[in-house]
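Chemist: Let me begin by handing over the structure; questions about it come next.
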Amino acid sequence: MKTIGRGAEATLYLTTLKGKRVVTKKRLQKKYRHPLLDARLRKSRTRREERVLQRLNEKGVSAPRFIDAKGTQIVFSLEKGVAAKNARLSNAILGEIGKQLALMHDAGVAHGDFTTSNILVEGGKAKIIDFGLSSFTQSVEDFATDLVLFEKTVAPQEFAVFLKAYAKRKKNPRAVLARFREIKQRGRYVER
């Protein structure tokens, strides 16, 4: 196994399964937590991520394909592309990102960390990755928070293109857009 990424919660490894290259994500043990609590949290988070990927795969959201999960590790397809934070984001790509987030929200999933670090871009396509903080929800607040997070990682004109595509594709976008504007007015999000 070759390490291809490390985060606060997990390490990603490039592995092979049935002759195909795949990614294995192993959730890291946290020594500061009681061992039983730690094991329960890591297993439940892995199970949630498994269910999220399955739902997104069923709903046609451009995300890694779920392959397998066991204990505190999950296996999914290896995706090609460049992190959006390192790519030139054309209007077409920004529109695609908006469409994919709308599809995800309509599937009842909030990403929880929707930034250009968690989007891969290749050949006019955008793929959303890293669902470690995702949740099943119908909460307008959770969906609007995804918008706030994305806005902080792109230029204003890029965000406008993205938001237009999101609003066009999202079923009943008004409540999410209103909450997005409300969140931006809250003290912790206002630039000082």
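To be explicit about the labels: the chains of the structure tokens are called A, B, and onward in the order shown, and within each one the residues are counted from 1, while ligands get numbers from 1 in the order they are shown.
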What's the 8 Å shell around Val121 (chain A), counting only C-alpha atoms, without same-chain residues fewer than 2 positions away, as a list in words?
Modeler: Gly81, Val82, Ala83, Ala84, Ala87, Ile93, Ile119, Gly123, Gly124, Lys125, Ala126 and Lys127 of chain A
Chemist: Can those selected residues be exported to a file as a PDB file, in the first residue's frame so that it contains N, CA and C atoms?
Modeler:
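Dumped everything to again.pdb:
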```
ATOM      1  N   GLY A  81      -7.790  13.467 -11.691  1.00  0.00           N
ATOM      2  CA  GLY A  81      -8.076  14.884 -11.739  1.00  0.00           C
ATOM      3  C   GLY A  81      -7.150  15.690 -10.862  1.00  0.00           C
ATOM      4  N   VAL A  82      -7.313  16.984 -10.959  1.00  0.00           N
ATOM      5  CA  VAL A  82      -6.533  17.947 -10.195  1.00  0.00           C
ATOM      6  C   VAL A  82      -7.477  18.593  -9.195  1.00  0.00           C
ATOM      7  N   ALA A  83      -7.003  18.806  -7.986  1.00  0.00           N
ATOM      8  CA  ALA A  83      -7.829  19.503  -7.004  1.00  0.00           C
ATOM      9  C   ALA A  83      -8.230  20.855  -7.573  1.00  0.00           C
ATOM     10  N   ALA A  84      -9.489  21.206  -7.422  1.00  0.00           N
ATOM     11  CA  ALA A  84     -10.002  22.464  -7.972  1.00  0.00           C
ATOM     12  C   ALA A  84      -9.218  23.668  -7.463  1.00  0.00           C
ATOM     13  N   ALA A  87      -6.565  24.273  -9.983  1.00  0.00           N
ATOM     14  CA  ALA A  87      -6.989  24.261 -11.383  1.00  0.00           C
ATOM     15  C   ALA A  87      -7.557  25.615 -11.784  1.00  0.00           C
ATOM     16  N   ILE A  93     -16.822  24.628 -15.760  1.00  0.00           N
ATOM     17  CA  ILE A  93     -16.478  23.819 -14.580  1.00  0.00           C
ATOM     18  C   ILE A  93     -17.229  24.324 -13.356  1.00  0.00           C
ATOM     19  N   ILE A 119     -12.786  18.884  -4.387  1.00  0.00           N
ATOM     20  CA  ILE A 119     -13.371  18.741  -5.719  1.00  0.00           C
ATOM     21  C   ILE A 119     -12.223  18.453  -6.682  1.00  0.00           C
ATOM     22  N   GLY A 123     -10.906  17.354 -17.549  1.00  0.00           N
ATOM     23  CA  GLY A 123     -11.595  17.310 -18.830  1.00  0.00           C
ATOM     24  C   GLY A 123     -13.019  17.842 -18.819  1.00  0.00           C
ATOM     25  N   GLY A 124     -13.248  18.958 -18.186  1.00  0.00           N
ATOM     26  CA  GLY A 124     -14.578  19.546 -18.175  1.00  0.00           C
ATOM     27  C   GLY A 124     -15.534  18.932 -17.172  1.00  0.00           C
ATOM     28  N   LYS A 125     -15.044  18.002 -16.381  1.00  0.00           N
ATOM     29  CA  LYS A 125     -15.874  17.344 -15.371  1.00  0.00           C
ATOM     30  C   LYS A 125     -15.392  17.733 -13.978  1.00  0.00           C
ATOM     31  N   ALA A 126     -16.312  17.707 -13.034  1.00  0.00           N
ATOM     32  CA  ALA A 126     -15.986  17.967 -11.633  1.00  0.00           C
ATOM     33  C   ALA A 126     -16.487  16.794 -10.806  1.00  0.00           C
ATOM     34  N   LYS A 127     -15.651  16.311  -9.910  1.00  0.00           N
ATOM     35  CA  LYS A 127     -16.013  15.186  -9.051  1.00  0.00           C
ATOM     36  C   LYS A 127     -15.821  15.600  -7.609  1.00  0.00           C
TER      37      LYS A 127
END
```
Chemist: Taking the DSSP secondary structure from the backbone, can you list the residues of chain A that are alpha helix (DSSP H), as a PyMOL selection string?
Modeler: chain A and resi 35-59+91-106+140-151+156-169+174-185
Chemist: Within 7 Å of region 21-36 of chain A, counting only C-alpha atoms, which residues show up once you throw out same-chain ones fewer than 3 positions away? Write them as a list in words, please.
Modeler: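 Within the cut-off, the hits are Glu9, Ala10, Thr11, Leu12, Tyr13, Leu14, Thr15, Thr16, Leu17, Ala39, Arg40, Arg42, Thr72, Gln73, Ile74, Val75, Phe76, Ser77 and Leu78 of chain A.
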Chemist: Give me, as a compact mmCIF listing (two decimals) with N, CA and C atoms, in the first residue's frame, the residues of chain A that a backbone DSSP run labels strand (DSSP E or B).
Modeler:
```txt
# COMPACT_ATOMS: atom_id res chain seq x y z
N LYS A 2 0.48 2.19 -0.82
CA LYS A 2 1.21 3.45 -0.91
C LYS A 2 0.34 4.56 -0.34
N THR A 3 0.90 5.34 0.59
CA THR A 3 0.16 6.45 1.18
C THR A 3 0.02 7.56 0.13
N ILE A 4 -1.23 8.02 -0.09
CA ILE A 4 -1.46 9.09 -1.06
C ILE A 4 -2.10 10.32 -0.42
N GLY A 5 -2.43 10.23 0.86
CA GLY A 5 -3.00 11.39 1.53
C GLY A 5 -3.17 11.15 3.02
N ARG A 6 -3.02 12.23 3.77
CA ARG A 6 -3.22 12.16 5.22
C ARG A 6 -4.09 13.34 5.65
N ALA A 10 -8.03 10.50 8.95
CA ALA A 10 -7.78 9.27 8.20
C ALA A 10 -6.54 9.39 7.32
N THR A 11 -6.08 8.23 6.89
CA THR A 11 -4.99 8.14 5.91
C THR A 11 -5.53 7.41 4.69
N LEU A 12 -5.16 7.90 3.49
CA LEU A 12 -5.59 7.29 2.24
C LEU A 12 -4.42 6.51 1.65
N TYR A 13 -4.74 5.30 1.18
CA TYR A 13 -3.73 4.44 0.58
C TYR A 13 -4.17 4.03 -0.82
N LEU A 14 -3.21 3.98 -1.73
CA LEU A 14 -3.45 3.44 -3.06
C LEU A 14 -3.26 1.94 -2.96
N THR A 15 -4.28 1.17 -3.30
CA THR A 15 -4.22 -0.28 -3.21
C THR A 15 -4.75 -0.88 -4.51
N THR A 16 -4.70 -2.18 -4.61
CA THR A 16 -5.22 -2.89 -5.77
C THR A 16 -6.26 -3.90 -5.32
N LEU A 17 -7.37 -3.94 -6.04
CA LEU A 17 -8.44 -4.89 -5.74
C LEU A 17 -8.92 -5.47 -7.06
N LYS A 20 -7.56 -3.80 -10.14
CA LYS A 20 -7.82 -2.38 -10.36
C LYS A 20 -7.28 -1.57 -9.20
N ARG A 21 -6.76 -0.38 -9.54
CA ARG A 21 -6.27 0.52 -8.50
C ARG A 21 -7.45 1.19 -7.81
N VAL A 22 -7.45 1.13 -6.49
CA VAL A 22 -8.52 1.71 -5.68
C VAL A 22 -7.90 2.47 -4.51
N VAL A 23 -8.74 3.19 -3.78
CA VAL A 23 -8.30 3.92 -2.60
C VAL A 23 -8.89 3.25 -1.36
N THR A 24 -8.03 3.01 -0.38
CA THR A 24 -8.48 2.52 0.92
C THR A 24 -8.27 3.64 1.93
N LYS A 25 -9.35 4.00 2.60
CA LYS A 25 -9.30 5.06 3.61
C LYS A 25 -9.40 4.41 4.99
N LYS A 26 -8.37 4.61 5.81
CA LYS A 26 -8.36 4.05 7.16
C LYS A 26 -8.47 5.18 8.17
N ARG A 27 -9.48 5.09 9.00
CA ARG A 27 -9.66 6.10 10.06
C ARG A 27 -8.65 5.85 11.16
N PHE A 66 -18.42 3.70 -4.41
CA PHE A 66 -18.22 2.87 -3.23
C PHE A 66 -17.94 1.44 -3.66
N ILE A 67 -16.94 0.79 -3.03
CA ILE A 67 -16.61 -0.59 -3.34
C ILE A 67 -16.85 -1.50 -2.14
N ASP A 68 -16.30 -1.13 -0.97
CA ASP A 68 -16.40 -2.02 0.20
C ASP A 68 -16.10 -1.22 1.46
N ALA A 69 -16.55 -1.73 2.58
CA ALA A 69 -16.22 -1.13 3.87
C ALA A 69 -16.20 -2.24 4.91
N LYS A 70 -15.29 -2.09 5.85
CA LYS A 70 -15.18 -3.08 6.92
C LYS A 70 -14.53 -2.41 8.11
N GLN A 73 -12.36 1.00 7.94
CA GLN A 73 -11.80 1.35 6.63
C GLN A 73 -12.84 1.18 5.53
N ILE A 74 -12.70 2.03 4.53
CA ILE A 74 -13.62 2.04 3.40
C ILE A 74 -12.81 2.04 2.11
N VAL A 75 -13.31 1.35 1.10
CA VAL A 75 -12.62 1.26 -0.19
C VAL A 75 -13.53 1.88 -1.24
N PHE A 76 -12.94 2.76 -2.06
CA PHE A 76 -13.71 3.38 -3.14
C PHE A 76 -12.82 3.58 -4.35
N SER A 77 -13.43 3.93 -5.47
CA SER A 77 -12.70 4.05 -6.73
C SER A 77 -11.66 5.17 -6.68
N VAL A 82 -7.31 16.98 -10.96
CA VAL A 82 -6.53 17.95 -10.20
C VAL A 82 -7.48 18.59 -9.19
N ALA A 83 -7.00 18.81 -7.99
CA ALA A 83 -7.83 19.50 -7.00
C ALA A 83 -8.23 20.86 -7.57
N VAL A 109 -27.97 15.02 1.22
CA VAL A 109 -26.63 14.94 1.79
C VAL A 109 -25.98 16.31 1.78
N ALA A 110 -25.47 16.72 2.94
CA ALA A 110 -24.64 17.92 3.04
C ALA A 110 -23.20 17.46 3.12
N ILE A 119 -12.79 18.88 -4.39
CA ILE A 119 -13.37 18.74 -5.72
C ILE A 119 -12.22 18.45 -6.68
N LEU A 120 -12.37 17.41 -7.49
CA LEU A 120 -11.39 17.10 -8.52
C LEU A 120 -11.93 17.56 -9.87
N VAL A 121 -11.05 18.10 -10.70
CA VAL A 121 -11.42 18.61 -12.01
C VAL A 121 -10.59 17.89 -13.06
N GLU A 122 -11.28 17.41 -14.10
CA GLU A 122 -10.56 16.80 -15.23
C GLU A 122 -11.45 16.82 -16.46
N LYS A 125 -15.04 18.00 -16.38
CA LYS A 125 -15.87 17.34 -15.37
C LYS A 125 -15.39 17.73 -13.98
N ALA A 126 -16.31 17.71 -13.03
CA ALA A 126 -15.99 17.97 -11.63
C ALA A 126 -16.49 16.79 -10.81
N LYS A 127 -15.65 16.31 -9.91
CA LYS A 127 -16.01 15.19 -9.05
C LYS A 127 -15.82 15.60 -7.61
N ILE A 128 -16.84 15.43 -6.79
CA ILE A 128 -16.78 15.76 -5.37
C ILE A 128 -16.16 14.58 -4.63
N SER A 135 -23.17 14.45 6.00
CA SER A 135 -24.29 13.98 6.82
C SER A 135 -25.54 13.87 5.98
N PHE A 136 -26.43 12.97 6.40
CA PHE A 136 -27.76 12.88 5.80
C PHE A 136 -28.60 13.94 6.48
```
Chemist: Pick out the closest residue to Leu177 (chain A) from this set: A:Leu56, A:Met1, A:Ala144, A:Ala160. Count only C-alpha atoms.
Modeler: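 Residue with the minimum atom-to-atom distance to Leu177 (chain A): A:Ala144.
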Chemist: Record the distance separating CA of Gly132 (chain A) and CA of Glu49 (chain A), expressed in Å with one decimal.
Modeler: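 Answer for the CA of Gly132 (chain A) to CA of Glu49 (chain A) separation: 6.2 Å.
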Chemist: Pick out the residues sitting within 8 Å of Leu94 (chain A), and hand them over as a PDB file with C-alpha atoms, in the first residue's frame; count only C-alpha atoms, and ignore anything fewer than 3 positions along from it in its own chain.
Modeler:
```
ATOM      1  CA  LEU A  89     -11.964  27.109 -12.983  1.00  0.00           C
ATOM      2  CA  SER A  90     -13.769  27.921 -16.207  1.00  0.00           C
ATOM      3  CA  ASN A  91     -17.406  28.964 -16.175  1.00  0.00           C
ATOM      4  CA  ILE A  97     -19.637  22.101  -9.559  1.00  0.00           C
ATOM      5  CA  GLY A  98     -22.880  23.976  -8.839  1.00  0.00           C
ATOM      6  CA  GLU A 158     -16.437  32.503  -9.822  1.00  0.00           C
ATOM      7  CA  PHE A 159     -18.857  32.097  -6.931  1.00  0.00           C
ATOM      8  CA  VAL A 161     -21.295  31.550 -11.771  1.00  0.00           C
ATOM      9  CA  PHE A 162     -21.344  28.569  -9.393  1.00  0.00           C
ATOM     10  CA  ALA A 165     -25.839  26.960 -11.703  1.00  0.00           C
TER      11      ALA A 165
END
```
Chemist: Using only C-alpha atoms, which of A:Lys164, A:Gly95, A:Arg181, A:Ala155 sits nearest Glu141 (chain A)?
Modeler: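 Counting only C-alpha atoms, the residue closest to Glu141 (chain A) is A:Arg181.
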